[in-house]
>>> print(open('query-v7.json').read())   # JSON, C-alpha atoms (C1' of nucleotides)
[["chain", "number", "residue", "atom", "x", "y", "z"],
["L", 348, "MET", "CA", 0.00, 0.00, 0.00],
["L", 349, "ARG", "CA", 1.59, 3.21, -1.19],
["L", 350, "THR", "CA", 1.23, 6.11, 1.22],
["L", 351, "ASP", "CA", 2.26, 9.74, 1.16],
["L", 352, "ASP", "CA", 3.94, 11.90, 3.83],
["L", 353, "LEU", "CA", 0.63, 12.19, 5.68],
["L", 354, "GLY", "CA", 0.30, 8.41, 5.80],
["L", 355, "GLN", "CA", -2.64, 8.52, 3.43],
["L", 356, "GLU", "CA", -3.06, 5.80, 0.89],
["L", 357, "LEU", "CA", -2.44, 6.92, -2.66],
["L", 358, "PRO", "CA", -5.07, 5.85, -5.15],
["L", 359, "GLU", "CA", -4.10, 3.90, -8.22],
["L", 360, "ILE", "CA", -3.83, 6.29, -11.10],
["L", 361, "ASN", "CA", -6.05, 5.75, -14.11],
["L", 362, "SER", "CA", -8.25, 3.31, -12.27],
["L", 363, "ASP", "CA", -10.59, 5.86, -10.77],
["L", 364, "GLY", "CA", -11.91, 7.54, -13.87],
["L", 365, "GLU", "CA", -9.25, 10.25, -13.93],
["L", 366, "ALA", "CA", -8.07, 10.59, -17.49],
["L", 367, "LEU", "CA", -4.93, 12.59, -16.72],
["L", 368, "VAL", "CA", -2.29, 11.47, -14.27],
["L", 369, "TYR", "CA", -1.32, 14.98, -13.25],
["L", 370, "MET", "CA", -4.95, 15.89, -12.66],
["L", 371, "ALA", "CA", -5.48, 12.86, -10.42],
["L", 372, "ILE", "CA", -2.50, 13.92, -8.33],
["L", 373, "ALA", "CA", -3.62, 17.53, -8.24],
["L", 374, "ASP", "CA", -7.12, 16.57, -7.18],
["L", 375, "PHE", "CA", -5.80, 14.32, -4.44],
["L", 376, "VAL", "CA", -3.55, 16.99, -2.94],
["L", 377, "ALA", "CA", -6.22, 19.65, -3.41],
["L", 378, "GLY", "CA", -8.56, 17.52, -1.36],
["L", 379, "GLN", "CA", -6.02, 17.30, 1.45],
["L", 380, "ILE", "CA", -5.60, 21.07, 1.41],
["L", 381, "GLU", "CA", -9.30, 21.80, 1.33],
["L", 382, "ARG", "CA", -9.99, 19.41, 4.18],
["L", 383, "GLY", "CA", -7.27, 21.16, 6.17],
["L", 384, "GLU", "CA", -5.07, 18.09, 6.30],
["L", 385, "ARG", "CA", -2.32, 20.20, 4.82],
["L", 386, "ALA", "CA", -2.09, 23.38, 6.86],
["L", 387, "VAL", "CA", -1.73, 26.82, 5.33],
["L", 388, "GLY", "CA", 1.95, 27.70, 5.27],
["L", 389, "SER", "CA", 3.07, 24.10, 5.41],
["L", 390, "ARG", "CA", 5.36, 22.81, 2.74],
["L", 391, "LEU", "CA", 4.49, 20.04, 0.34],
["L", 392, "PRO", "CA", 6.95, 17.20, -0.10],
["L", 393, "SER", "CA", 9.56, 18.15, -2.69],
["L", 394, "GLU", "CA", 8.83, 17.44, -6.33],
["L", 395, "LEU", "CA", 11.37, 14.64, -6.19],
["L", 396, "ASP", "CA", 9.75, 13.09, -3.13],
["L", 397, "LEU", "CA", 6.30, 13.40, -4.66],
["L", 398, "SER", "CA", 7.44, 11.80, -7.88],
["L", 399, "ASN", "CA", 8.84, 8.87, -5.91],
["L", 400, "MET", "CA", 5.69, 8.58, -3.78],
["L", 401, "TRP", "CA", 3.41, 8.50, -6.78],
["L", 402, "GLY", "CA", 5.75, 6.57, -9.02],
["L", 403, "VAL", "CA", 5.62, 9.18, -11.75],
["L", 404, "ALA", "CA", 8.09, 11.50, -13.43],
["L", 405, "ARG", "CA", 9.01, 14.75, -11.78],
["L", 406, "MET", "CA", 7.62, 16.68, -14.73],
["L", 407, "THR", "CA", 4.23, 15.11, -14.09],
["L", 408, "VAL", "CA", 4.38, 16.24, -10.48],
["L", 409, "ARG", "CA", 5.31, 19.72, -11.68],
["L", 410, "ARG", "CA", 2.30, 19.73, -13.97],
["L", 411, "ALA", "CA", 0.12, 18.80, -10.99],
["L", 412, "ILE", "CA", 1.65, 21.57, -8.89],
["L", 413, "ARG", "CA", 1.08, 24.03, -11.70],
["L", 414, "GLU", "CA", -2.57, 23.00, -11.59],
["L", 415, "LEU", "CA", -2.65, 23.63, -7.84],
["L", 416, "ARG", "CA", -1.01, 27.03, -8.35],
["L", 417, "GLU", "CA", -3.62, 27.97, -10.90],
["L", 418, "ARG", "CA", -6.29, 27.02, -8.40],
["L", 419, "GLY", "CA", -4.64, 29.33, -5.86],
["L", 420, "LEU", "CA", -3.91, 26.51, -3.44],
["L", 421, "VAL", "CA", -0.12, 26.58, -3.37],
["L", 422, "ASN", "CA", 2.80, 28.87, -4.03],
["L", 423, "ALA", "CA", 6.18, 27.60, -5.25],
["L", 424, "VAL", "CA", 9.31, 29.37, -4.02],
["L", 425, "HIS", "CA", 12.48, 28.84, -5.99],
["L", 426, "GLY", "CA", 15.07, 27.00, -3.94],
["L", 427, "LYS", "CA", 12.81, 26.54, -0.94],
["L", 428, "GLY", "CA", 9.71, 24.56, -1.73],
["L", 429, "THR", "CA", 6.01, 24.69, -2.50],
["L", 430, "PHE", "CA", 3.74, 25.99, 0.22],
["L", 431, "VAL", "CA", 0.04, 25.80, 0.95],
["L", 432, "THR", "CA", -1.48, 29.25, 0.55],
["L", 433, "ARG", "CA", -5.19, 28.92, 0.98],
["L", 434, "PRO", "CA", -7.16, 27.81, 4.03],
["L", 435, "ALA", "CA", -9.87, 25.26, 3.78],
["L", 436, "PRO", "CA", -13.18, 27.00, 3.00],
["L", 437, "GLU", "CA", -15.64, 27.15, 5.91],
["L", 438, "GLU", "CA", -18.73, 25.07, 5.26],
["F", 91, "MET", "CA", 12.26, 51.30, 0.69],
["F", 92, "ARG", "CA", 15.32, 49.15, 0.39],
["F", 93, "THR", "CA", 18.45, 51.03, -0.51],
["F", 94, "ASP", "CA", 22.04, 50.06, -1.21],
["F", 95, "ASP", "CA", 25.29, 51.55, 0.07],
["F", 96, "LEU", "CA", 24.94, 54.44, -2.40],
["F", 97, "GLY", "CA", 21.50, 55.23, -1.06],
["F", 98, "GLN", "CA", 19.89, 54.13, -4.27],
["F", 99, "GLU", "CA", 16.60, 52.37, -4.20],
["F", 100, "LEU", "CA", 16.78, 48.70, -5.08],
["F", 101, "PRO", "CA", 14.18, 47.56, -7.59],
["F", 102, "GLU", "CA", 11.90, 44.70, -6.77],
["F", 103, "ILE", "CA", 13.28, 41.57, -8.33],
["F", 104, "ASN", "CA", 11.09, 39.71, -10.82],
["F", 105, "SER", "CA", 8.74, 42.62, -11.18],
["F", 106, "ASP", "CA", 10.70, 44.49, -13.83],
["F", 107, "GLY", "CA", 10.73, 41.93, -16.57],
["F", 108, "GLU", "CA", 14.03, 40.42, -15.42],
["F", 109, "ALA", "CA", 13.61, 36.69, -15.40],
["F", 110, "LEU", "CA", 16.78, 35.92, -13.45],
["F", 111, "VAL", "CA", 17.54, 37.30, -10.02],
["F", 112, "TYR", "CA", 21.28, 37.33, -10.43],
["F", 113, "MET", "CA", 20.98, 39.09, -13.78],
["F", 114, "ALA", "CA", 18.78, 41.80, -12.32],
["F", 115, "ILE", "CA", 21.39, 42.45, -9.63],
["F", 116, "ALA", "CA", 24.26, 42.38, -12.11],
["F", 117, "ASP", "CA", 22.47, 44.82, -14.43],
["F", 118, "PHE", "CA", 21.73, 47.19, -11.58],
["F", 119, "VAL", "CA", 25.34, 47.31, -10.38],
["F", 120, "ALA", "CA", 26.64, 47.45, -13.96],
["F", 121, "GLY", "CA", 24.52, 50.54, -14.51],
["F", 122, "GLN", "CA", 26.03, 52.22, -11.46],
["F", 123, "ILE", "CA", 29.52, 51.43, -12.69],
["F", 124, "GLU", "CA", 28.89, 52.60, -16.22],
["F", 125, "ARG", "CA", 27.36, 55.86, -15.02],
["F", 126, "GLY", "CA", 30.44, 56.43, -12.86],
["F", 127, "GLU", "CA", 28.49, 56.21, -9.63],
["F", 128, "ARG", "CA", 30.87, 53.48, -8.56],
["F", 129, "ALA", "CA", 34.37, 54.81, -9.14],
["F", 130, "VAL", "CA", 37.15, 52.73, -10.67],
["F", 131, "GLY", "CA", 39.18, 51.20, -7.87],
["F", 132, "SER", "CA", 36.34, 51.47, -5.35],
["F", 133, "ARG", "CA", 35.19, 48.38, -3.54],
["F", 134, "LEU", "CA", 31.73, 46.90, -3.80],
["F", 135, "PRO", "CA", 29.89, 46.01, -0.61],
["F", 136, "SER", "CA", 30.91, 42.56, 0.58],
["F", 137, "GLU", "CA", 29.01, 39.58, -0.74],
["F", 138, "LEU", "CA", 27.43, 39.19, 2.66],
["F", 139, "ASP", "CA", 26.31, 42.83, 2.70],
["F", 140, "LEU", "CA", 24.98, 42.58, -0.83],
["F", 141, "SER", "CA", 23.03, 39.44, -0.04],
["F", 142, "ASN", "CA", 21.48, 41.22, 2.93],
["F", 143, "MET", "CA", 20.71, 44.34, 0.90],
["F", 144, "TRP", "CA", 19.01, 42.41, -1.86],
["F", 145, "GLY", "CA", 17.50, 39.77, 0.35],
["F", 146, "VAL", "CA", 18.97, 36.92, -1.64],
["F", 147, "ALA", "CA", 21.39, 34.09, -0.94],
["F", 148, "ARG", "CA", 25.08, 34.79, -1.05],
["F", 149, "MET", "CA", 25.48, 32.34, -3.90],
["F", 150, "THR", "CA", 23.10, 34.43, -5.96],
["F", 151, "VAL", "CA", 25.22, 37.52, -5.28],
["F", 152, "ARG", "CA", 28.30, 35.56, -6.28],
["F", 153, "ARG", "CA", 26.58, 34.59, -9.52],
["F", 154, "ALA", "CA", 25.87, 38.27, -10.18],
["F", 155, "ILE", "CA", 29.48, 39.21, -9.44],
["F", 156, "ARG", "CA", 30.64, 36.45, -11.77],
["F", 157, "GLU", "CA", 28.50, 38.08, -14.44],
["F", 158, "LEU", "CA", 30.13, 41.46, -13.74],
["F", 159, "ARG", "CA", 33.58, 39.85, -13.90],
["F", 160, "GLU", "CA", 32.78, 38.32, -17.26],
["F", 161, "ARG", "CA", 31.73, 41.76, -18.49],
["F", 162, "GLY", "CA", 35.10, 43.12, -17.33],
["F", 163, "LEU", "CA", 33.56, 45.52, -14.85],
["F", 164, "VAL", "CA", 34.93, 44.19, -11.56],
["F", 165, "ASN", "CA", 37.77, 42.13, -10.15],
["F", 166, "ALA", "CA", 37.47, 40.01, -7.00],
["F", 167, "VAL", "CA", 40.45, 39.71, -4.65],
["F", 168, "HIS", "CA", 40.53, 36.92, -2.09],
["F", 169, "GLY", "CA", 40.38, 38.27, 1.42],
["F", 170, "LYS", "CA", 40.00, 41.89, 0.34],
["F", 171, "GLY", "CA", 36.94, 42.49, -1.73],
["F", 172, "THR", "CA", 35.60, 43.06, -5.21],
["F", 173, "PHE", "CA", 36.76, 46.19, -6.99],
["F", 174, "VAL", "CA", 35.56, 48.22, -9.93],
["F", 175, "THR", "CA", 38.01, 47.83, -12.78],
["F", 176, "ARG", "CA", 36.59, 49.66, -15.74],
["F", 177, "PRO", "CA", 35.82, 53.34, -16.14],
["F", 178, "ALA", "CA", 32.55, 54.55, -17.50],
["F", 179, "PRO", "CA", 32.76, 54.78, -21.31],
["F", 180, "GLU", "CA", 33.13, 58.32, -22.69],
["F", 181, "GLU", "CA", 30.09, 59.46, -24.63],
["B", 1393, "DA", "C1'", 53.64, 35.81, 16.77],
["B", 1394, "DT", "C1'", 49.04, 35.54, 18.01],
["B", 1395, "DG", "C1'", 44.49, 35.94, 17.79],
["B", 1396, "DC", "C1'", 40.38, 38.02, 15.72],
["B", 1397, "DA", "C1'", 37.27, 39.88, 12.26],
["B", 1398, "DT", "C1'", 36.37, 40.43, 7.51],
["B", 1399, "DT", "C1'", 36.10, 38.83, 2.87],
["B", 1400, "DT", "C1'", 36.37, 35.81, -1.03],
["B", 1401, "DG", "C1'", 36.74, 30.75, -2.43],
["B", 1402, "DT", "C1'", 34.87, 26.22, -2.34],
["B", 1403, "DC", "C1'", 31.80, 22.59, -1.46],
["B", 1404, "DC", "C1'", 27.61, 20.18, -0.05],
["B", 1405, "DG", "C1'", 22.67, 19.14, -0.06],
["B", 1406, "DT", "C1'", 18.14, 20.32, -1.35],
["B", 1407, "DA", "C1'", 14.65, 22.48, -4.20],
["B", 1408, "DT", "C1'", 12.47, 24.72, -8.12],
["B", 1409, "DG", "C1'", 12.93, 26.32, -13.26],
["B", 1410, "DT", "C1'", 13.87, 25.23, -18.01],
["B", 1411, "DA", "C1'", 14.88, 22.49, -22.00],
["B", 1412, "DT", "C1'", 15.39, 18.37, -24.94],
["B", 1413, "DG", "C1'", 14.41, 13.82, -26.70],
["R", 559, "DT", "C1'", 4.15, 10.93, -19.97],
["R", 560, "DC", "C1'", 8.77, 9.53, -19.02],
["R", 561, "DA", "C1'", 13.81, 10.25, -18.54],
["R", 562, "DT", "C1'", 17.69, 13.06, -18.38],
["R", 563, "DA", "C1'", 20.43, 17.05, -18.01],
["R", 564, "DC", "C1'", 21.50, 21.47, -16.73],
["R", 565, "DA", "C1'", 20.54, 26.18, -14.68],
["R", 566, "DT", "C1'", 19.04, 28.88, -10.97],
["R", 567, "DA", "C1'", 18.35, 29.60, -6.06],
["R", 568, "DC", "C1'", 18.49, 28.79, -1.04],
["R", 569, "DG", "C1'", 21.04, 27.62, 3.25],
["R", 570, "DG", "C1'", 24.75, 26.14, 5.60],
["R", 571, "DA", "C1'", 29.61, 24.97, 6.49],
["R", 572, "DC", "C1'", 34.38, 25.38, 6.23],
["R", 573, "DA", "C1'", 38.86, 26.89, 4.02],
["R", 574, "DA", "C1'", 42.03, 30.51, 2.54],
["R", 575, "DA", "C1'", 43.66, 35.24, 2.26],
["R", 576, "DT", "C1'", 43.91, 39.80, 4.22],
["R", 577, "DG", "C1'", 44.34, 43.31, 7.67],
["R", 578, "DC", "C1'", 44.33, 44.93, 12.24],
["R", 579, "DA", "C1'", 44.83, 45.06, 17.33]]
>>> encode(input="query-v7.json", output="structure tokens")
Amino acid sequence: MRTDDLGQELPEINSDGEALVYMAIADFVAGQIERGERAVGSRLPSELDLSNMWGVARMTVRRAIRELRERGLVNAVHGKGTFVTRPAPEE
Amino acid sequence: MRTDDLGQELPEINSDGEALVYMAIADFVAGQIERGERAVGSRLPSELDLSNMWGVARMTVRRAIRELRERGLVNAVHGKGTFVTRPAPEE
DNA sequence: ATGCATTTGTCCGTATGTATG
DNA sequence: TCATACATACGGACAAATGCA
């Protein structure tokens, strides 16, 4: 059972109806952020770590992070890391 | 307002169309040298001071100084400092 | 000559950015 | 999408050269 840095099981890619690998990863991490499991200001695992966790190429992870950036969920800082920027919405 | 040792305001990096941090710093200092605001033979602020002024890592300052060396504008001397070597061109 | 502070030189590890095949 | 390579950037550590008290 593959798990990430939060100990959460990683879904099999392309077996859950997600057409694009990077989008499946982005959606998974976005869910963690929006549920508050990844705190605002906390750093994501590095692109290299994420690519190892998911068993995908680093460029695919970068594409997922770009998706998260465009959704306003994270902010990448050159040489430091990628950080959660938005709090989970109150429901 | 961040200023350097000449009292000049330092531009925000990556907001002036400069893609590279070190190049923005190199261009800024090169402009001072070429306008004669930094005299030939005068010493630049230390790498540590420059990195504090600009709010960047020392290695980034060193990359900028390397750029200035390659343009023939400065000369670094171990244990002493980095000195302006070329006069402003006559116009 | 000794120690201390300053400054450049070098190296390491990690991380993001860009480019190519 | 993968795989690789290189560039840029951060942060820290230590070495080497200089100058001064």
>>> interface_residues(input="query-v7.json", of="chain F", to="chain R", cutoff="6 Å", atoms="all atoms listed in the file", output="list of chain:residue names")
F:His168, F:Gly169, F:Lys170
>>> atom_distance(input="query-v7.json", atom1="atom CA of Asn142 of chain F", atom2="atom CA of Ser389 of chain L")
25.3 Å
>>> atom_distance(input="query-v7.json", atom1="atom CA of Ile360 of chain L", atom2="atom C1' of DT1408 of chain B")
24.8 Å
>>> closest_atom_pairs(input="query-v7.json", of="chain F", to="chain L", cutoff="12 Å", atoms="only C-alpha atoms", output="JSON lines")
{"residue": "F:Asn104", "atom": "CA", "partner": "L:His425", "partner_atom": "CA", "distance": 12.0}
{"residue": "F:Leu110", "atom": "CA", "partner": "L:His425", "partner_atom": "CA", "distance": 11.1}
{"residue": "F:Val111", "atom": "CA", "partner": "L:His425", "partner_atom": "CA", "distance": 10.6}
{"residue": "F:Val146", "atom": "CA", "partner": "L:Gly426", "partner_atom": "CA", "distance": 10.9}
{"residue": "F:Ala147", "atom": "CA", "partner": "L:Gly426", "partner_atom": "CA", "distance": 10.0}
{"residue": "F:Met149", "atom": "CA", "partner": "L:Gly426", "partner_atom": "CA", "distance": 11.7}
{"residue": "F:Thr150", "atom": "CA", "partner": "L:Gly426", "partner_atom": "CA", "distance": 11.1}
>>> interface_residues(input="query-v7.json", of="chain F", to="chain B", cutoff="12 Å", atoms="only C-alpha atoms (C1' of nucleotides)", output="ChimeraX atom specification")
/F:109-110,133-139,148-149,152,155,165-173
>>> atom_distance(input="query-v7.json", atom1="atom CA of Ala373 of chain L", atom2="atom CA of Gly388 of chain L")
17.8 Å
>>> residues_around(input="query-v7.json", residues="segment 351-355 of chain L", least_positions_apart="4", cutoff="12 Å", atoms="all atoms listed in the file", output="mmCIF file with C-alpha atoms, in the coordinates of the input")
data_model
loop_
_atom_site.group_PDB
_atom_site.id
_atom_site.type_symbol
_atom_site.label_atom_id
_atom_site.label_comp_id
_atom_site.auth_asym_id
_atom_site.auth_seq_id
_atom_site.Cartn_x
_atom_site.Cartn_y
_atom_site.Cartn_z
ATOM 1 C CA ILE L 372 -2.500 13.920 -8.330
ATOM 2 C CA PHE L 375 -5.800 14.320 -4.440
ATOM 3 C CA VAL L 376 -3.550 16.990 -2.940
ATOM 4 C CA GLY L 378 -8.560 17.520 -1.360
ATOM 5 C CA GLN L 379 -6.020 17.300 1.450
ATOM 6 C CA ILE L 380 -5.600 21.070 1.410
ATOM 7 C CA GLY L 383 -7.270 21.160 6.170
ATOM 8 C CA GLU L 384 -5.070 18.090 6.300
ATOM 9 C CA ARG L 385 -2.320 20.200 4.820
ATOM 10 C CA ALA L 386 -2.090 23.380 6.860
ATOM 11 C CA ARG L 390 5.360 22.810 2.740
ATOM 12 C CA LEU L 391 4.490 20.040 0.340
ATOM 13 C CA PRO L 392 6.950 17.200 -0.100
ATOM 14 C CA SER L 393 9.560 18.150 -2.690
ATOM 15 C CA ASP L 396 9.750 13.090 -3.130
ATOM 16 C CA LEU L 397 6.300 13.400 -4.660
ATOM 17 C CA SER L 398 7.440 11.800 -7.880
ATOM 18 C CA ASN L 399 8.840 8.870 -5.910
ATOM 19 C CA MET L 400 5.690 8.580 -3.780
ATOM 20 C CA TRP L 401 3.410 8.500 -6.780
ATOM 21 C CA GLY L 402 5.750 6.570 -9.020
#
